[in-house]
file start24.cif (mmCIF, C-alpha atoms)
data_entry
#
loop_
_atom_site.label_atom_id
_atom_site.label_comp_id
_atom_site.auth_asym_id
_atom_site.auth_seq_id
_atom_site.Cartn_x
_atom_site.Cartn_y
_atom_site.Cartn_z
CA MET A 310 29.73 -0.70 24.66
CA ALA A 311 26.62 -2.04 23.00
CA LEU A 312 26.31 -1.42 19.30
CA ALA A 313 22.98 -0.47 17.82
CA LYS A 314 21.43 -3.53 16.27
CA ASP A 315 21.11 -3.39 12.52
CA LYS A 316 17.65 -3.45 11.08
CA VAL A 317 16.49 -4.17 7.60
CA GLY A 318 13.83 -1.88 6.15
CA ILE A 319 11.10 -3.62 4.19
CA ILE A 320 9.44 -1.45 1.57
CA SER A 321 6.36 -3.13 0.21
CA CYS A 322 4.29 -2.35 -2.83
CA SER A 323 0.87 -1.16 -1.67
CA GLY A 324 -0.72 -2.98 -4.56
CA GLU A 325 -4.23 -1.79 -5.15
CA ASP A 326 -3.92 -2.69 -8.82
CA LEU A 327 -3.28 -6.42 -8.59
CA PRO A 328 -3.86 -9.28 -6.12
CA GLU A 329 -0.07 -9.76 -6.08
CA GLY A 330 0.17 -6.37 -4.38
CA THR A 331 -2.00 -7.58 -1.54
CA ILE A 332 0.20 -10.68 -1.24
CA SER A 333 3.31 -8.50 -0.97
CA ARG A 334 1.68 -6.41 1.71
CA VAL A 335 0.47 -9.37 3.78
CA ALA A 336 3.82 -11.16 3.39
CA THR A 337 5.62 -8.06 4.64
CA ARG A 338 3.41 -7.92 7.72
CA ILE A 339 4.07 -11.61 8.43
CA VAL A 340 7.82 -10.90 8.41
CA LEU A 341 7.45 -7.82 10.62
CA GLU A 342 5.09 -9.37 13.13
CA LYS A 343 5.99 -13.06 13.18
CA LEU A 344 9.13 -14.15 11.36
CA ARG A 345 11.69 -11.39 12.05
CA PRO A 346 10.12 -8.83 14.40
CA ASP A 347 13.44 -7.87 15.98
CA ASP A 348 15.35 -7.49 12.72
CA THR A 349 12.97 -5.59 10.51
CA VAL A 350 11.00 -2.38 10.26
CA THR A 351 8.60 -1.30 7.58
CA ILE A 352 8.93 1.82 5.55
CA CYS A 353 5.55 3.11 4.51
CA LEU A 354 5.87 3.47 0.74
CA PRO A 355 3.35 6.29 0.28
CA LEU A 356 4.94 8.25 3.14
CA PHE A 357 8.38 7.61 1.66
CA LEU A 358 7.21 8.70 -1.79
CA ALA A 359 5.36 11.73 -0.42
CA GLY A 360 8.68 13.09 0.85
CA SER A 361 9.11 12.01 4.48
CA GLU A 362 12.75 12.76 5.26
CA ASP A 363 12.76 10.31 8.20
CA GLU A 364 11.76 7.38 5.99
CA ARG A 365 14.18 8.40 3.24
CA ALA A 366 17.06 8.88 5.66
CA PHE A 367 16.47 5.43 7.14
CA ALA A 368 16.60 3.88 3.67
CA ARG A 369 19.87 5.71 2.94
CA VAL A 370 21.57 4.42 6.08
CA PHE A 371 20.11 0.94 6.61
CA PRO A 372 19.78 -1.91 4.12
CA THR A 373 16.39 -2.26 2.47
CA ILE A 374 14.42 -4.97 0.72
CA ALA A 375 11.80 -3.94 -1.83
CA VAL A 376 8.83 -6.27 -2.06
CA ASP A 377 7.04 -5.73 -5.34
CA GLY A 378 3.83 -7.30 -6.54
CA CYS A 379 4.60 -7.17 -10.24
CA SER A 380 7.26 -6.43 -12.83
CA LYS A 381 6.59 -2.67 -12.68
CA LYS A 382 8.67 -2.82 -9.47
CA CYS A 383 7.34 0.46 -8.10
CA ALA A 384 8.77 -0.12 -4.61
CA GLU A 385 12.24 -0.74 -6.02
CA THR A 386 11.98 2.22 -8.42
CA GLY A 387 10.78 4.59 -5.70
CA THR A 388 13.51 3.51 -3.28
CA LYS A 389 16.23 3.93 -5.92
CA LYS A 390 14.88 7.34 -6.86
CA PHE A 391 14.82 8.81 -3.36
CA SER A 392 17.34 6.90 -1.24
CA GLY A 393 19.44 4.32 -3.04
CA LYS A 394 19.22 0.88 -4.56
CA PRO A 395 17.60 -1.72 -2.28
CA VAL A 396 19.95 -4.54 -1.30
CA ALA A 397 17.39 -7.02 -2.59
CA THR A 398 14.12 -7.00 -4.48
CA ILE A 399 11.50 -9.70 -4.16
CA VAL A 400 8.87 -9.87 -6.88
CA VAL A 401 5.73 -11.80 -5.94
CA SER A 402 4.78 -12.64 -9.52
CA GLU A 403 8.21 -14.29 -9.93
CA ILE A 404 7.86 -16.35 -6.73
CA MET A 405 4.39 -17.44 -7.85
CA LYS A 406 5.96 -19.22 -10.82
CA LYS A 407 7.52 -21.67 -8.35
CA TYR A 408 4.07 -22.56 -6.99
CA PRO A 409 1.81 -22.89 -10.03
CA SER A 410 -0.88 -24.64 -8.00
CA LEU A 411 -1.37 -21.55 -5.82
CA LYS A 412 -3.67 -19.06 -7.58
CA VAL A 413 -4.43 -15.53 -6.46
CA LYS A 414 -7.44 -13.39 -7.24
CA SER A 415 -8.42 -11.43 -4.11
CA LYS A 416 -7.27 -7.90 -3.55
CA GLU A 417 -8.98 -7.47 -0.22
CA LYS A 418 -9.28 -10.60 1.94
CA LEU A 419 -7.01 -13.52 1.18
CA SER A 420 -8.27 -17.09 0.88
CA PRO A 421 -6.39 -19.91 2.71
CA GLU A 422 -4.60 -20.70 -0.57
CA GLU A 423 -3.58 -17.06 -1.00
CA MET A 424 -2.45 -16.91 2.62
CA GLU A 425 -0.23 -19.90 1.95
CA LEU A 426 1.40 -18.05 -0.91
CA ALA A 427 1.83 -14.96 1.31
CA ARG A 428 3.63 -17.18 3.85
CA LYS A 429 5.91 -18.55 1.12
CA VAL A 430 6.78 -15.00 0.05
CA ALA A 431 7.32 -14.05 3.71
CA GLU A 432 9.78 -16.93 4.09
CA GLU A 433 11.73 -15.67 1.06
CA ILE A 434 11.85 -12.18 2.56
CA ALA A 435 13.01 -13.57 5.92
CA LYS A 436 15.75 -15.54 4.14
CA LYS A 437 16.98 -12.32 2.50
CA VAL A 438 16.91 -10.53 5.86
CA ASP A 439 19.14 -13.26 7.34
CA GLU A 440 21.53 -13.08 4.39
CA ILE A 441 21.83 -9.31 4.69
CA LEU A 442 22.42 -9.32 8.44
CA CYS A 443 24.92 -12.18 8.26
CA LYS A 444 26.84 -10.48 5.45
CA LYS A 445 27.16 -7.39 7.58
CA ILE A 446 28.54 -9.33 10.56
CA LYS A 447 31.28 -10.88 8.38
CA MET B 417 -8.80 3.12 -22.11
CA VAL B 418 -10.45 4.57 -19.04
CA ASP B 419 -13.64 6.57 -19.30
CA GLU B 420 -12.99 10.18 -18.33
CA ASN B 421 -16.36 10.27 -16.60
CA LYS B 422 -15.12 7.90 -13.94
CA VAL B 423 -13.96 9.25 -10.61
CA ALA B 424 -10.42 8.20 -9.69
CA ILE B 425 -9.89 7.07 -6.09
CA ILE B 426 -6.43 7.44 -4.56
CA ALA B 427 -6.17 5.90 -1.10
CA CYS B 428 -3.43 5.71 1.50
CA ALA B 429 -1.88 2.26 1.48
CA GLY B 430 -1.25 2.28 5.20
CA MET B 431 1.45 -0.29 5.88
CA ASP B 432 2.05 0.78 9.45
CA LYS B 433 -1.22 2.23 10.69
CA ALA B 434 -4.62 0.63 11.18
CA LEU B 435 -6.37 3.70 9.80
CA GLY B 436 -4.32 3.31 6.63
CA SER B 437 -5.75 -0.16 6.22
CA ILE B 438 -9.20 1.34 6.69
CA ALA B 439 -8.50 3.78 3.84
CA ARG B 440 -7.46 0.89 1.60
CA THR B 441 -10.44 -1.31 2.56
CA CYS B 442 -12.78 1.60 2.02
CA ALA B 443 -11.35 2.20 -1.49
CA PHE B 444 -11.92 -1.46 -2.41
CA LYS B 445 -15.51 -1.31 -1.14
CA ILE B 446 -16.21 1.71 -3.35
CA VAL B 447 -14.47 0.50 -6.49
CA GLU B 448 -15.41 -3.17 -6.36
CA LYS B 449 -18.83 -3.13 -4.73
CA LEU B 450 -20.59 0.22 -4.41
CA ARG B 451 -19.67 2.08 -7.61
CA PRO B 452 -17.72 -0.32 -9.85
CA ASN B 453 -18.85 1.36 -13.07
CA GLU B 454 -18.29 4.92 -11.97
CA THR B 455 -14.88 4.71 -10.32
CA VAL B 456 -11.32 3.60 -10.94
CA LEU B 457 -8.75 2.82 -8.27
CA ILE B 458 -5.34 4.42 -8.67
CA CYS B 459 -2.35 2.77 -7.06
CA ILE B 460 -0.01 5.36 -5.46
CA PRO B 461 3.47 3.93 -6.23
CA PRO B 462 3.02 3.87 -10.03
CA LEU B 463 2.14 7.57 -9.88
CA VAL B 464 5.54 8.42 -8.47
CA ALA B 465 7.31 5.93 -10.70
CA ASP B 466 5.46 7.70 -13.56
CA VAL B 467 3.87 4.53 -14.84
CA LYS B 468 1.23 5.24 -17.46
CA PRO B 469 -1.78 5.31 -17.67
CA HIS B 470 -2.00 6.11 -13.93
CA SER B 471 -0.14 9.41 -14.13
CA GLU B 472 -2.21 10.65 -17.10
CA LEU B 473 -5.49 9.42 -15.76
CA ILE B 474 -5.47 11.54 -12.61
CA LYS B 475 -5.01 14.69 -14.67
CA LYS B 476 -8.06 13.95 -16.81
CA ASN B 477 -10.45 12.43 -14.28
CA SER B 478 -11.92 13.90 -11.12
CA VAL B 479 -10.03 12.55 -8.12
CA ILE B 480 -11.04 11.75 -4.54
CA THR B 481 -8.22 11.11 -2.06
CA ILE B 482 -8.62 9.00 1.07
CA ASP B 483 -6.00 9.68 3.74
CA GLY B 484 -5.31 7.47 6.75
CA CYS B 485 -3.29 9.88 8.90
CA THR B 486 -2.19 13.46 9.27
CA GLU B 487 0.68 12.94 6.84
CA ARG B 488 -2.01 12.92 4.14
CA CYS B 489 0.25 11.11 1.66
CA ALA B 490 -2.49 10.31 -0.82
CA THR B 491 -3.43 13.97 -1.15
CA LYS B 492 0.19 15.16 -1.24
CA ILE B 493 1.18 12.69 -3.96
CA ALA B 494 -1.97 13.33 -6.00
CA SER B 495 -1.43 17.05 -5.77
CA LYS B 496 2.27 16.86 -6.69
CA ASN B 497 1.35 14.83 -9.75
CA GLY B 498 -1.20 17.29 -11.06
CA ALA B 499 -4.41 15.52 -10.03
CA LYS B 500 -7.79 17.20 -10.37
CA ILE B 501 -8.75 16.72 -6.71
CA LYS B 502 -12.50 17.15 -6.25
CA GLY B 503 -12.86 15.62 -2.82
CA ARG B 504 -10.81 14.57 0.20
CA VAL B 505 -11.69 12.01 2.84
CA PHE B 506 -9.82 11.97 6.15
CA VAL B 507 -10.21 8.63 7.94
CA PRO B 508 -9.19 9.77 11.49
CA GLN B 509 -11.97 12.34 11.45
CA SER B 510 -14.53 9.71 10.44
CA ALA B 511 -13.21 7.29 13.07
CA GLN B 512 -13.83 9.97 15.68
CA LYS B 513 -17.25 10.81 14.28
CA TYR B 514 -18.48 7.20 14.37
CA GLY B 515 -16.59 6.17 17.51
CA LEU B 516 -15.27 3.04 15.80
CA LYS B 517 -11.76 1.72 16.42
CA PRO B 518 -9.99 -0.77 14.14
CA ASN B 519 -7.74 -3.45 15.64
CA THR B 520 -4.43 -3.36 13.77
CA ALA B 521 -3.00 -2.67 10.32
CA SER B 522 -3.03 -6.42 9.58
CA ASP B 523 -6.48 -7.13 10.94
CA ILE B 524 -8.90 -4.24 11.10
CA GLY B 525 -11.50 -6.34 12.95
CA PRO B 526 -15.32 -5.94 12.99
CA GLU B 527 -15.29 -2.30 14.10
CA GLY B 528 -12.76 -1.52 11.40
CA GLU B 529 -14.93 -3.23 8.78
CA LYS B 530 -17.91 -1.21 9.92
CA LEU B 531 -15.91 2.01 9.85
CA ALA B 532 -14.68 1.29 6.30
CA GLU B 533 -18.30 0.67 5.23
CA LYS B 534 -19.50 3.93 6.77
CA ILE B 535 -16.74 5.94 5.10
CA ALA B 536 -17.33 4.19 1.78
CA GLU B 537 -21.04 5.06 1.94
CA GLU B 538 -20.20 8.72 2.63
CA THR B 539 -17.65 8.78 -0.18
CA VAL B 540 -20.20 7.37 -2.60
CA LEU B 541 -22.42 10.41 -1.96
CA LEU B 542 -19.48 12.60 -2.93
CA ILE B 543 -18.89 10.54 -6.09
CA ASP B 544 -22.53 10.85 -7.10
CA LYS B 545 -22.38 14.60 -6.53
CA ILE B 546 -19.24 14.94 -8.67
CA LEU B 547 -20.88 12.92 -11.44
CA GLY B 548 -24.06 15.01 -11.15
CA LYS B 549 -26.29 12.11 -10.12
#

call {"tool": "encode", "arguments": {"input": "start24.cif", "output": "structure tokens"}}
result
Amino acid sequence: MALAKDKVGIISCSGEDLPEGTISRVATRIVLEKLRPDDTVTICLPLFLAGSEDERAFARVFPTIAVDGCSKKCAETGTKKFSGKPVATIVVSEIMKKYPSLKVKSKEKLSPEEMELARKVAEEIAKKVDEILCKKIK
Amino acid sequence: MVDENKVAIIACAGMDKALGSIARTCAFKIVEKLRPNETVLICIPPLVADVKPHSELIKKNSVITIDGCTERCATKIASKNGAKIKGRVFVPQSAQKYGLKPNTASDIGPEGEKLAEKIAEETVLLIDKILGK
């Protein structure tokens, strides 16, 4: 009998307020489309917050990672409020401290430097996905 | 302190649909390029997390919502949080009207850019009307 493969739900800040929000969004898409396409799904934060029972039920049953742009941690707060605490939270502004040479200022289209930061954040998310799925196998 | 005469824009953030990305791009075009002094962009998640001043601002200022799909999350969330909604923009309807199709949520492509511009221009007319210009 084949068991359903576990998926990790990525809930990203939509970030219209700060460039870090755009980084979190782009990083999430890199994970979904390139780094871990078979292991992840996205949960649309506005849809989740607006009351979609499908999105909320998924986040209750499957592990989730909140990807927040800033310390307000809206994605984490929203997930906790409606489904349960995310297994991990990644905060872009915290990761940026590790790469002081990479500056962000665009909210719309990312520069090559900003894309590099998005890739770094995506790698951190992918690492968390691997940790979560490995933990579950054990 | 945000001027109460500014129109607040609340747009779908569209993580999983190309038309959601159009809504977001369109909001940036309005707030950063077309009407930077007359509008303010409101991020959806802080509204639900009750982060101030976002939650107070939408009750005082006129609001335009931009929705990317039939779920109409931007409008639902604005309405639930007591926003003074003065206008609603529905991206799928505009996409049909102009016959323009974006590529993907990650890359809206040239047609998507053009569609976002067209919708932004239409929304600006609504903003001017609300502000009595």

call {"tool": "residues_around", "arguments": {"input": "start24.cif", "residues": "Glu433 (chain A)", "least_positions_apart": "2", "cutoff": "12 Å", "atoms": "only C-alpha atoms", "output": "VMD selection string"}}
result
chain A and resid 333 336 to 337 339 to 340 344 to 345 374 376 397 to 401 403 to 405 407 426 to 431 435 to 440

call {"tool": "interface_residues", "arguments": {"input": "start24.cif", "of": "chain B", "to": "chain A", "cutoff": "6 Å", "atoms": "all atoms listed in the file", "output": "ChimeraX atom specification"}}
result
/B:429,431,459,461-462,489,493

call {"tool": "resolve_selection", "arguments": {"input": "start24.cif", "expression": "the PyMOL selection byres ((chain B and resi 424) around 6)", "output": "ChimeraX atom specification"}}
result
/B:423,425,455-457,479

call {"tool": "closest_residue", "arguments": {"input": "start24.cif", "among": "A:Ile434, A:Cys379, A:Cys443, A:Val396", "to": "Pro328 (chain A)", "atoms": "all atoms listed in the file"}}
result
A:Cys379

call {"tool": "atom_distance", "arguments": {"input": "start24.cif", "atom1": "CA of Leu541 (chain B)", "atom2": "CA of Ala439 (chain B)"}}
result
16.5 Å

call {"tool": "atom_distance", "arguments": {"input": "start24.cif", "atom1": "CA of Asp348 (chain A)", "atom2": "CA of Met424 (chain A)"}}
result
22.5 Å

call {"tool": "resolve_selection", "arguments": {"input": "start24.cif", "expression": "the PyMOL selection byres ((chain B and resi 519-522) around 9)", "output": "ChimeraX atom specification"}}
result
/A:335,338-339 /B:430-438,517-518,523-528

call {"tool": "write_last_selection", "arguments": {"input": "start24.cif", "atoms": "C-alpha atoms", "output": "compact mmCIF listing (two decimals), in the coordinates of the input"}}
result
# COMPACT_ATOMS: atom_id res chain seq x y z
CA VAL A 335 0.47 -9.37 3.78
CA ARG A 338 3.41 -7.92 7.72
CA ILE A 339 4.07 -11.61 8.43
CA GLY B 430 -1.25 2.28 5.20
CA MET B 431 1.45 -0.29 5.88
CA ASP B 432 2.05 0.78 9.45
CA LYS B 433 -1.22 2.23 10.69
CA ALA B 434 -4.62 0.63 11.18
CA LEU B 435 -6.37 3.70 9.80
CA GLY B 436 -4.32 3.31 6.63
CA SER B 437 -5.75 -0.16 6.22
CA ILE B 438 -9.20 1.34 6.69
CA LYS B 517 -11.76 1.72 16.42
CA PRO B 518 -9.99 -0.77 14.14
CA ASP B 523 -6.48 -7.13 10.94
CA ILE B 524 -8.90 -4.24 11.10
CA GLY B 525 -11.50 -6.34 12.95
CA PRO B 526 -15.32 -5.94 12.99
CA GLU B 527 -15.29 -2.30 14.10
CA GLY B 528 -12.76 -1.52 11.40

call {"tool": "atom_distance", "arguments": {"input": "start24.cif", "atom1": "CA of Lys534 (chain B)", "atom2": "CA of Asn477 (chain B)"}}
result
24.4 Å

call {"tool": "closest_residue", "arguments": {"input": "start24.cif", "among": "B:Asn453, B:Cys442, B:Ile426, B:Asp483", "to": "Ser471 (chain B)", "atoms": "only C-alpha atoms"}}
result
B:Ile426

call {"tool": "resolve_selection", "arguments": {"input": "start24.cif", "expression": "the PyMOL selection byres ((chain B and resi 500) around 8)", "output": "list in words"}}
result
Ile474, Lys475, Lys476, Asn477, Ser478, Val479, Ser495, Gly498, Ala499, Ile501 and Lys502 of chain B

call {"tool": "closest_residue", "arguments": {"input": "start24.cif", "among": "B:Thr539, B:Thr481, B:Asn421, B:Thr491", "to": "Leu450 (chain B)", "atoms": "only C-alpha atoms"}}
result
B:Thr539

call {"tool": "closest_residue", "arguments": {"input": "start24.cif", "among": "B:Glu454, B:Glu538, B:Glu420, B:Glu529", "to": "Ile482 (chain B)", "atoms": "only C-alpha atoms"}}
result
B:Glu538

call {"tool": "residues_around", "arguments": {"input": "start24.cif", "residues": "Leu516 (chain B)", "least_positions_apart": "3", "cutoff": "9 Å", "atoms": "all atoms listed in the file", "output": "PyMOL selection string"}}
result
chain B and resi 510-513+527-528+530-531

call {"tool": "write_last_selection", "arguments": {"input": "start24.cif", "atoms": "C-alpha atoms", "output": "PDB file, keeping the file's coordinate frame"}}
result
ATOM      1  CA  SER B 510     -14.530   9.710  10.440  1.00  0.00           C
ATOM      2  CA  ALA B 511     -13.210   7.290  13.070  1.00  0.00           C
ATOM      3  CA  GLN B 512     -13.830   9.970  15.680  1.00  0.00           C
ATOM      4  CA  LYS B 513     -17.250  10.810  14.280  1.00  0.00           C
ATOM      5  CA  GLU B 527     -15.290  -2.300  14.100  1.00  0.00           C
ATOM      6  CA  GLY B 528     -12.760  -1.520  11.400  1.00  0.00           C
ATOM      7  CA  LYS B 530     -17.910  -1.210   9.920  1.00  0.00           C
ATOM      8  CA  LEU B 531     -15.910   2.010   9.850  1.00  0.00           C
TER       9      LEU B 531
END

call {"tool": "closest_residue", "arguments": {"input": "start24.cif", "among": "A:Glu432, A:Asp377, A:Asp363, A:Asp347", "to": "Val317 (chain A)", "atoms": "all atoms listed in the file"}}
result
A:Asp347

call {"tool": "closest_residue", "arguments": {"input": "start24.cif", "among": "A:Pro395, A:Ser415, A:Gly378, A:Ser420", "to": "Glu329 (chain A)", "atoms": "only C-alpha atoms"}}
result
A:Gly378
